[in-house]
$ cat upload21.cif   # mmCIF, C-alpha atoms
data_data
loop_
_atom_site.label_atom_id
_atom_site.label_comp_id
_atom_site.auth_asym_id
_atom_site.auth_seq_id
_atom_site.Cartn_x
_atom_site.Cartn_y
_atom_site.Cartn_z
CA MET A 86 -10.69 -24.67 -64.70
CA SER A 87 -11.39 -25.59 -68.31
CA ALA A 88 -10.79 -23.20 -71.19
CA SER A 89 -14.52 -23.14 -71.98
CA VAL A 90 -15.50 -22.21 -68.45
CA SER A 91 -12.93 -19.42 -68.25
CA LEU A 92 -13.98 -17.90 -71.57
CA ARG A 93 -17.69 -18.05 -70.71
CA GLU A 94 -16.97 -16.50 -67.32
CA GLU A 95 -14.92 -13.78 -68.98
CA LEU A 96 -17.75 -13.04 -71.43
CA ASP A 97 -20.28 -12.96 -68.59
CA GLN A 98 -18.08 -10.47 -66.74
CA LYS A 99 -17.74 -8.27 -69.83
CA LEU A 100 -21.49 -8.26 -70.41
CA ALA A 101 -22.19 -7.50 -66.75
CA ARG A 102 -19.74 -4.60 -66.82
CA PHE A 103 -21.20 -3.32 -70.10
CA GLU A 104 -24.72 -3.33 -68.64
CA GLU A 105 -23.49 -1.66 -65.47
CA LEU A 106 -21.93 1.09 -67.61
CA GLU A 107 -25.24 1.47 -69.46
CA ARG A 108 -27.00 2.01 -66.13
CA GLN A 109 -24.39 4.51 -64.91
CA MET A 110 -24.60 6.50 -68.15
CA GLN A 111 -28.32 7.05 -67.49
CA ASP A 112 -27.71 8.34 -63.96
CA PRO A 113 -28.20 12.14 -63.79
CA ALA A 114 -25.50 12.44 -61.10
CA VAL A 115 -22.99 10.73 -63.37
CA LEU A 116 -24.05 12.73 -66.43
CA ALA A 117 -23.29 15.93 -64.53
CA ASP A 118 -19.60 14.97 -64.36
CA SER A 119 -18.23 15.38 -67.91
CA THR A 120 -14.84 13.84 -67.08
CA ARG A 121 -16.44 10.72 -65.63
CA VAL A 122 -18.90 10.46 -68.52
CA GLY A 123 -16.03 10.59 -71.00
CA ALA A 124 -14.19 7.75 -69.24
CA LEU A 125 -17.37 5.65 -69.02
CA MET A 126 -18.15 6.20 -72.70
CA ARG A 127 -14.65 5.09 -73.72
CA GLU A 128 -14.94 1.92 -71.64
CA HIS A 129 -18.48 1.30 -72.90
CA GLY A 130 -17.32 1.69 -76.49
CA ALA A 131 -14.40 -0.67 -75.98
CA LEU A 132 -16.70 -3.38 -74.61
CA ALA A 133 -19.60 -2.86 -77.03
CA ARG A 134 -18.70 -5.23 -79.88
CA VAL A 135 -18.04 -8.26 -77.65
CA ALA A 136 -20.81 -7.50 -75.15
CA LEU A 137 -23.56 -6.98 -77.74
CA LYS A 138 -22.52 -10.11 -79.62
CA TYR A 139 -22.53 -12.15 -76.40
CA ARG A 140 -25.91 -10.70 -75.40
CA ALA A 141 -27.32 -11.88 -78.74
CA PHE A 142 -25.70 -15.30 -78.20
CA LYS A 143 -27.34 -15.67 -74.77
CA LYS A 144 -30.70 -14.59 -76.18
CA VAL A 145 -30.50 -17.31 -78.86
CA ASN A 146 -29.54 -19.86 -76.22
CA GLN A 147 -32.58 -18.89 -74.16
CA GLU A 148 -34.84 -19.23 -77.20
CA LEU A 149 -33.37 -22.67 -77.93
CA ALA A 150 -34.11 -23.79 -74.36
CA GLU A 151 -37.76 -22.70 -74.79
CA LEU A 152 -38.02 -24.46 -78.16
CA ALA A 153 -36.62 -27.63 -76.63
CA GLU A 154 -39.70 -27.66 -74.36
CA MET A 155 -41.99 -27.20 -77.38
CA ALA A 156 -40.22 -30.06 -79.18
CA ARG A 157 -41.43 -32.40 -76.44
CA SER A 158 -45.06 -31.39 -77.04
CA HIS A 159 -47.75 -34.03 -77.71
CA ASP A 160 -48.90 -31.91 -80.65
CA ALA A 161 -47.15 -33.14 -83.82
CA GLU A 162 -47.52 -29.82 -85.64
CA GLU A 163 -46.07 -27.90 -82.71
CA ARG A 164 -43.15 -30.34 -82.52
CA ALA A 165 -42.44 -29.94 -86.25
CA LEU A 166 -42.46 -26.13 -85.99
CA ALA A 167 -40.15 -26.23 -82.97
CA GLU A 168 -37.66 -28.58 -84.65
CA GLU A 169 -37.54 -26.39 -87.77
CA GLU A 170 -36.90 -23.30 -85.69
CA ILE A 171 -34.28 -25.14 -83.60
CA ASP A 172 -32.22 -25.90 -86.73
CA ARG A 173 -32.29 -22.23 -87.76
CA LEU A 174 -31.34 -20.94 -84.32
CA ARG A 175 -28.53 -23.48 -83.92
CA ALA A 176 -26.99 -22.21 -87.15
CA GLU A 177 -27.38 -18.64 -85.90
CA ARG A 178 -25.81 -19.57 -82.56
CA GLU A 179 -22.88 -21.23 -84.35
CA LYS A 180 -22.26 -18.04 -86.35
CA LEU A 181 -22.46 -15.86 -83.23
CA TRP A 182 -20.01 -18.15 -81.43
CA ASP A 183 -17.58 -18.02 -84.34
CA ASP A 184 -17.78 -14.22 -84.24
CA LEU A 185 -17.12 -14.25 -80.48
CA LEU A 186 -14.08 -16.49 -80.95
CA THR A 187 -12.73 -14.07 -83.53
CA LEU A 188 -13.32 -11.08 -81.26
CA THR A 189 -11.71 -12.72 -78.22
CA ALA A 190 -8.83 -14.54 -79.97
CA GLY A 191 -6.54 -11.58 -79.40
CA GLY A 192 -7.13 -11.39 -75.65
CA GLU A 193 -8.10 -8.32 -73.68
CA ASP A 194 -6.54 -5.94 -76.19
CA ALA A 195 -7.89 -7.58 -79.36
CA ASN A 196 -10.19 -4.74 -80.31
CA ARG A 197 -7.81 -1.85 -79.79
CA THR A 198 -7.51 0.44 -82.79
CA ARG A 199 -4.06 1.84 -81.98
CA CYS A 200 -0.69 0.20 -81.48
CA VAL A 201 3.02 0.98 -81.42
CA LEU A 202 5.16 -1.22 -83.68
CA GLU A 203 8.91 -1.40 -82.99
CA ILE A 204 11.44 -3.06 -85.32
CA ARG A 205 15.06 -3.59 -84.23
CA ALA A 206 18.08 -5.03 -86.01
CA GLY A 207 19.38 -8.28 -84.52
CA THR A 208 22.35 -10.40 -85.54
CA GLY A 209 23.80 -9.64 -88.96
CA GLY A 210 25.25 -6.13 -88.75
CA GLU A 211 24.44 -3.89 -91.71
CA GLU A 212 22.49 -6.66 -93.45
CA ALA A 213 20.19 -6.86 -90.41
CA ALA A 214 19.69 -3.09 -90.59
CA LEU A 215 18.71 -3.39 -94.25
CA PHE A 216 16.26 -6.14 -93.29
CA VAL A 217 14.70 -3.74 -90.75
CA ARG A 218 14.19 -1.31 -93.63
CA ASP A 219 12.47 -4.06 -95.67
CA LEU A 220 10.15 -4.93 -92.77
CA PHE A 221 9.42 -1.24 -92.18
CA GLU A 222 8.42 -0.80 -95.84
CA MET A 223 6.34 -4.00 -95.72
CA TYR A 224 4.33 -2.84 -92.70
CA LYS A 225 3.92 0.67 -94.11
CA LYS A 226 2.59 -0.66 -97.45
CA HIS A 227 0.35 -3.18 -95.68
CA ALA A 228 -1.11 -0.35 -93.57
CA GLU A 229 -1.79 1.67 -96.73
CA ARG A 230 -3.69 -1.30 -98.22
CA LYS A 231 -5.78 -1.57 -95.04
CA GLY A 232 -6.49 2.14 -94.86
CA TRP A 233 -4.67 2.43 -91.52
CA LYS A 234 -2.98 5.64 -90.43
CA VAL A 235 0.81 5.43 -89.91
CA GLU A 236 2.92 7.85 -87.90
CA ILE A 237 6.70 7.47 -87.69
CA LEU A 238 7.74 8.06 -84.09
CA ASP A 239 11.50 7.48 -84.39
CA THR A 240 14.16 6.02 -86.70
CA SER A 241 17.85 5.23 -86.27
CA PRO A 242 19.28 5.16 -89.82
CA THR A 243 22.60 3.59 -90.85
CA GLU A 244 25.08 4.78 -93.48
CA LEU A 245 24.02 2.17 -96.08
CA GLY A 246 20.33 3.04 -95.93
CA GLY A 247 19.17 0.59 -93.29
CA PHE A 248 17.82 1.18 -89.80
CA LYS A 249 19.05 0.01 -86.42
CA GLU A 250 15.56 0.74 -85.11
CA VAL A 251 12.19 2.02 -86.33
CA ILE A 252 9.26 2.93 -84.07
CA MET A 253 5.89 3.67 -85.65
CA ALA A 254 2.33 4.21 -84.43
CA ILE A 255 -0.46 2.61 -86.45
CA GLU A 256 -4.16 3.36 -86.08
CA GLY A 257 -7.20 1.73 -87.68
CA GLU A 258 -9.94 -0.87 -87.44
CA GLY A 259 -8.57 -4.30 -86.41
CA VAL A 260 -5.02 -2.98 -86.20
CA TYR A 261 -3.89 -4.69 -82.99
CA ARG A 262 -5.83 -7.92 -83.59
CA GLU A 263 -3.92 -8.40 -86.84
CA LEU A 264 -0.50 -6.93 -86.12
CA ARG A 265 -0.06 -8.62 -82.73
CA TYR A 266 1.01 -11.75 -84.61
CA GLU A 267 4.09 -9.89 -85.88
CA SER A 268 5.72 -9.81 -82.43
CA GLY A 269 8.78 -12.04 -82.34
CA GLY A 270 11.97 -12.86 -84.20
CA HIS A 271 12.09 -12.46 -87.99
CA ARG A 272 14.90 -14.16 -89.93
CA VAL A 273 16.10 -13.36 -93.46
CA GLN A 274 18.18 -15.60 -95.73
CA ARG A 275 19.69 -13.91 -98.79
CA VAL A 276 22.91 -12.94 -100.58
CA PRO A 277 23.91 -9.47 -99.39
CA GLU A 278 24.85 -6.86 -101.99
CA THR A 279 28.32 -6.69 -100.41
CA GLU A 280 28.88 -10.47 -100.69
CA ALA A 281 31.35 -11.06 -103.56
CA LYS A 282 31.19 -14.88 -103.51
CA GLY A 283 27.42 -15.12 -103.67
CA ARG A 284 27.03 -16.84 -100.31
CA ILE A 285 23.67 -16.77 -98.53
CA HIS A 286 23.77 -14.97 -95.19
CA THR A 287 21.27 -15.22 -92.35
CA SER A 288 20.32 -12.09 -90.44
CA ALA A 289 17.62 -11.27 -87.94
CA ALA A 290 15.36 -8.54 -86.65
CA THR A 291 12.91 -8.41 -83.78
CA VAL A 292 9.43 -6.91 -83.91
CA ALA A 293 7.36 -5.82 -80.93
CA VAL A 294 3.72 -4.79 -81.31
CA LEU A 295 2.38 -2.99 -78.25
CA PRO A 296 -1.25 -1.94 -77.73
CA GLU A 297 -1.35 1.83 -77.27
CA PRO A 298 -3.36 2.58 -74.14
CA GLU A 299 -5.72 5.47 -73.60
CA ASP A 300 -4.36 8.27 -71.43
CA VAL A 301 -6.75 7.29 -68.63
CA GLU A 302 -5.33 3.73 -68.50
CA ILE A 303 -1.72 4.62 -67.68
CA GLU A 304 -1.19 7.42 -65.20
CA LEU A 305 2.23 8.96 -65.82
CA LYS A 306 3.38 11.96 -63.81
CA PRO A 307 6.53 14.03 -64.45
CA GLU A 308 7.93 12.81 -61.13
CA ASP A 309 7.66 9.18 -62.33
CA TYR A 310 10.47 9.56 -64.86
CA ARG A 311 13.71 11.40 -65.56
CA LYS A 312 13.87 13.53 -68.69
CA ASP A 313 17.23 14.07 -70.40
CA ILE A 314 17.73 16.35 -73.40
CA PHE A 315 20.58 15.81 -75.86
CA CYS A 316 21.62 16.56 -79.45
CA ALA A 317 20.26 14.23 -82.13
CA SER A 318 22.79 12.16 -84.05
CA GLY A 319 22.70 10.70 -87.55
CA PRO A 320 24.20 7.65 -89.27
CA GLY A 321 27.60 6.73 -87.90
CA GLY A 322 27.03 8.88 -84.85
CA GLN A 323 27.64 12.29 -86.44
CA HIS A 324 25.61 15.12 -85.01
CA VAL A 325 22.88 16.31 -87.37
CA ASN A 326 21.22 18.76 -85.02
CA LYS A 327 23.21 21.36 -83.12
CA THR A 328 20.25 22.20 -80.88
CA ALA A 329 19.40 19.92 -78.00
CA SER A 330 16.05 18.53 -79.15
CA ALA A 331 16.37 14.75 -78.65
CA VAL A 332 14.56 13.39 -75.58
CA ARG A 333 15.36 10.43 -73.35
CA LEU A 334 12.88 9.32 -70.67
CA THR A 335 13.86 6.90 -67.90
CA HIS A 336 10.98 5.45 -65.87
CA TYR A 337 12.15 5.14 -62.27
CA ALA A 338 9.99 2.22 -61.13
CA THR A 339 10.63 -0.13 -64.08
CA GLY A 340 13.91 1.15 -65.54
CA ILE A 341 12.30 1.39 -69.00
CA VAL A 342 14.17 3.88 -71.21
CA VAL A 343 12.75 5.60 -74.32
CA SER A 344 14.78 7.83 -76.64
CA ILE A 345 13.20 9.85 -79.46
CA GLN A 346 15.10 12.20 -81.79
CA ASP A 347 13.03 12.09 -84.98
CA GLU A 348 11.67 15.64 -84.74
CA LYS A 349 13.62 18.91 -84.64
CA SER A 350 11.27 20.12 -81.92
CA GLN A 351 12.01 19.05 -78.34
CA HIS A 352 8.30 19.42 -77.54
CA LYS A 353 7.28 17.02 -80.34
CA ASN A 354 9.95 14.49 -79.38
CA LEU A 355 8.76 14.59 -75.77
CA ALA A 356 5.14 13.97 -76.84
CA LYS A 357 6.22 10.97 -78.95
CA ALA A 358 8.46 9.63 -76.18
CA LEU A 359 5.58 9.76 -73.69
CA ARG A 360 3.36 7.78 -76.11
CA VAL A 361 6.00 5.09 -76.51
CA LEU A 362 6.73 4.99 -72.78
CA LYS A 363 3.02 4.57 -71.96
CA SER A 364 2.72 1.71 -74.46
CA ARG A 365 5.79 -0.03 -73.04
CA LEU A 366 4.52 0.46 -69.50
CA TYR A 367 1.11 -0.92 -70.43
CA GLU A 368 2.80 -3.96 -72.00
CA TYR A 369 5.08 -4.35 -68.98
CA TYR A 370 2.24 -4.31 -66.44
CA ARG A 371 0.10 -6.57 -68.63
CA SER A 372 2.95 -9.09 -68.89
CA GLN A 373 3.40 -8.96 -65.12
CA GLU A 374 -0.25 -9.83 -64.62
CA GLU A 375 -0.11 -12.66 -67.14
CA ALA A 376 2.96 -14.11 -65.43
CA LYS A 377 1.01 -14.39 -62.19
CA ARG A 378 -1.68 -16.58 -63.70
CA ALA A 379 -1.11 -20.26 -63.00
CA GLU A 380 -3.38 -21.34 -65.84
CA GLU A 381 -3.79 -19.69 -69.23
CA ARG A 382 -7.27 -19.45 -70.70
CA ARG A 383 -5.91 -20.90 -73.92
CA SER A 384 -2.73 -21.57 -75.89
CA MET A 385 -1.69 -18.62 -77.99
CA VAL A 386 -0.25 -18.88 -81.50
CA GLY A 387 3.37 -18.45 -80.47
CA SER A 388 4.38 -17.00 -77.15
CA GLY A 389 4.99 -13.49 -78.46
CA ASP A 390 8.46 -13.70 -76.92
CA ARG A 391 10.60 -11.26 -78.86
CA SER A 392 13.52 -13.70 -79.01
CA GLN A 393 11.34 -16.41 -80.55
CA ARG A 394 11.83 -17.00 -84.25
CA ILE A 395 8.39 -16.75 -85.78
CA ARG A 396 9.06 -16.30 -89.49
CA THR A 397 11.76 -16.86 -92.14
CA TYR A 398 12.10 -14.83 -95.34
CA ASN A 399 14.13 -16.76 -97.94
CA PHE A 400 15.02 -14.58 -100.93
CA PRO A 401 16.62 -17.21 -103.23
CA GLU A 402 13.43 -19.31 -103.07
CA ASN A 403 11.03 -16.31 -102.93
CA ARG A 404 9.65 -18.08 -99.84
CA VAL A 405 8.12 -17.01 -96.55
CA THR A 406 7.60 -19.62 -93.81
CA ASP A 407 5.71 -18.85 -90.61
CA HIS A 408 6.87 -21.36 -88.00
CA ARG A 409 3.77 -21.16 -85.78
CA VAL A 410 1.31 -22.79 -88.17
CA PRO A 411 2.13 -26.23 -89.60
CA GLY A 412 2.61 -25.99 -93.36
CA LEU A 413 2.31 -22.21 -93.58
CA THR A 414 4.79 -21.58 -96.41
CA LEU A 415 4.11 -19.17 -99.26
CA TYR A 416 6.26 -18.79 -102.37
CA LYS A 417 5.50 -15.12 -102.91
CA LEU A 418 8.01 -13.26 -100.79
CA ASP A 419 8.07 -10.39 -103.30
CA GLN A 420 4.31 -9.82 -102.92
CA ILE A 421 4.46 -10.05 -99.12
CA LEU A 422 7.28 -7.50 -98.89
CA ALA A 423 5.20 -5.29 -101.20
CA GLY A 424 2.56 -5.16 -98.47
CA ASP A 425 0.40 -8.22 -99.16
CA LEU A 426 0.64 -9.56 -95.63
CA GLN A 427 -3.04 -10.53 -95.40
CA PRO A 428 -2.70 -14.24 -96.38
CA ILE A 429 -0.30 -14.82 -93.47
CA THR A 430 -2.41 -12.79 -91.04
CA ASP A 431 -5.61 -14.60 -92.01
CA ALA A 432 -3.94 -18.01 -91.60
CA LEU A 433 -2.64 -17.09 -88.15
CA ILE A 434 -6.01 -15.75 -86.99
CA GLU A 435 -7.83 -18.83 -88.28
CA TYR A 436 -5.31 -21.19 -86.65
CA ASP A 437 -5.56 -19.32 -83.37
CA ARG A 438 -9.36 -19.36 -83.55
CA GLN A 439 -9.47 -23.08 -84.39
CA MET A 440 -7.24 -23.92 -81.43
CA LEU A 441 -9.61 -22.00 -79.18
CA ARG A 442 -12.63 -23.68 -80.76
CA ASP A 443 -11.06 -27.13 -80.18
CA GLN A 444 -10.55 -26.27 -76.53
CA MET A 445 -14.12 -25.01 -76.20
CA GLY A 446 -15.63 -28.26 -77.41
CA SER A 447 -19.03 -28.50 -79.09
CA ASP A 448 -21.24 -27.73 -76.09
CA LEU A 449 -22.40 -24.13 -76.51
CA ASP A 450 -25.38 -24.33 -74.16
#
$ encode --input "upload21.cif" --output "structure tokens"
Amino acid sequence: MSASVSLREELDQKLARFEELERQMQDPAVLADSTRVGALMREHGALARVALKYRAFKKVNQELAELAEMARSHDAEERALAEEEIDRLRAEREKLWDDLLTLTAGGEDANRTRCVLEIRAGTGGEEAALFVRDLFEMYKKHAERKGWKVEILDTSPTELGGFKEVIMAIEGEGVYRELRYESGGHRVQRVPETEAKGRIHTSAATVAVLPEPEDVEIELKPEDYRKDIFCASGPGGQHVNKTASAVRLTHYATGIVVSIQDEKSQHKNLAKALRVLKSRLYEYYRSQEEAKRAEERRSMVGSGDRSQRIRTYNFPENRVTDHRVPGLTLYKLDQILAGDLQPITDALIEYDRQMLRDQMGSDLD
């Protein structure tokens, strides 16, 4: 199956489902069930942007087919009018198709407005933990620029001011479509403050960006996981909270473990842990489904594998290089760490979209 066929089929399925939801939401029997209506409205809203755009695209295609008949008319004036209108509609169709490519470039979860972003120190000891802090600040400042809402779910600080791990929830328009490109291995090259001889060290961190599912998408019952309560610990392992408020959840079926100790309240830590566990489960099941597919609809920009090195931050040269796009090197590391991540994100989205466009070919009929 070609990439173009699979995408068109996927869009047809989305539109069909959207129109089916529209019909159901007008059914008095359905409207009487508030729980069902709520679920249908959420699904309808999630599909709306792509479905309405594709509906407009199909309408333009239909109009072009009718104009093609007029263009074969024996009447010269009618032919001229048809050809003029054809040029206008082809330009409109091209714009609609570009918009559809942008909306679908991130896959099924492209239009989600909530995600969980996890940053973990890799090789490099304390220097890697300090790099996690730098990435954490970069994402936080970038979110502020975008007007996104940030909530810190958990942190594991170190004695020198770094973090072994940071987990944050981010919410806002376009949040997953943009931040999904951050998943992978990030490498830093710089002279650590503790390096007396001025030698450049290389350290690493991994970033995982997980779409945060709606409650109705992941059913999680208390009997599905084990809950352990323990005392929170601070840098170096010392206990900072004498009350048992930290929460560890172990999902029986998958073995996924989530620990949260950021809040002093056990109840708040449990609520955060459940959010993270649901996001990890959603990602786990989604990855399982993707692994079963023999053919991918398209090639992604990078595999998203968390061990894959996607970007290098070189402090001596004030340089950032993203290894997924040929020639994507910017000599403004200071600005990027200050939250100006948009030039990299835009380049990745455009590259991803162009790859998809190349696979689609020029036949939009």
$ resolve_selection --input "upload21.cif" --expression "the PyMOL selection byres ((chain A and resi 265-271) around 10)" --output "ChimeraX atom specification"
/A:191,194-195,200,202-207,216-217,220,224,260-264,272-273,288-296,385-398,407,409,429-430,433-434
$ resolve_selection --input "upload21.cif" --expression "the PyMOL selection byres ((chain A and resi 96) around 12)" --output "PyMOL selection string"
chain A and resi 89-95+97-103+132-140+142-143+182+185-186+188-189+192-193
$ residues_around --input "upload21.cif" --residues "stretch 147-155 of chain A" --least-positions-apart "3" --cutoff "10 Å" --atoms "all atoms listed in the file" --output "JSON, numbers by chain"
{"A": [141, 142, 143, 144, 158, 159, 160, 163, 164, 165, 166, 167, 168, 169, 170, 171, 172, 173, 174, 175, 178, 450]}
$ closest_atom_pairs --input "upload21.cif" --of "stretch 224-288 of chain A" --to "stretch 399-406 of chain A" --cutoff "10 Å" --atoms "all atoms listed in the file" --output "CSV"
residue,atom,partner,partner_atom,distance
A:Arg272,CA,A:Asn399,CA,8.5
A:Val273,CA,A:Asn399,CA,6.0
A:Gln274,CA,A:Asn399,CA,4.8
A:Arg275,CA,A:Phe400,CA,5.2
A:Val276,CA,A:Pro401,CA,8.1
A:Ile285,CA,A:Pro401,CA,8.5
A:Thr287,CA,A:Asn399,CA,9.2
$ atom_distance --input "upload21.cif" --atom1 "atom CA of A:Ser372" --atom2 "atom CA of A:Arg438"
21.7 Å
$ residues_near_point --input "upload21.cif" --point "(10.3, 10.9, -78.0)" --cutoff "9 Å" --atoms "all atoms listed in the file" --output "list in words"
Leu238, Asp239, Ala331, Val332, Arg333, Leu334, Val343, Ser344, Ile345, Gln346, Asp347, Glu348, Gln351, His352, Lys353, Asn354, Leu355, Ala356, Lys357, Ala358, Leu359, Arg360, Val361 and Leu362 of chain A
$ atom_distance --input "upload21.cif" --atom1 "atom CA of A:Arg199" --atom2 "atom CA of A:Ala254"
7.2 Å
$ atom_distance --input "upload21.cif" --atom1 "atom CA of A:Ile237" --atom2 "atom CA of A:Ser364"
15.0 Å
$ closest_residue --input "upload21.cif" --among "A:Ala161, A:Ser350, A:Ile341, A:Thr243" --to "A:Arg311" --atoms "all atoms listed in the file"
A:Ile341
$ axis_aligned_box --input "upload21.cif" --around "stretch 304-309 of chain A" --padding-each-side "8 Å" --output "lines of an AutoDock Vina configuration file"
center_x = 3.4
center_y = 10.7
center_z = -63.5
size_x = 25.1
size_y = 22.6
size_z = 20.7
$ resolve_selection --input "upload21.cif" --expression "the PyMOL selection byres ((chain A and resi 229-231) around 10)" --output "PyMOL selection string"
chain A and resi 223-228+232-235+257-260+424-427
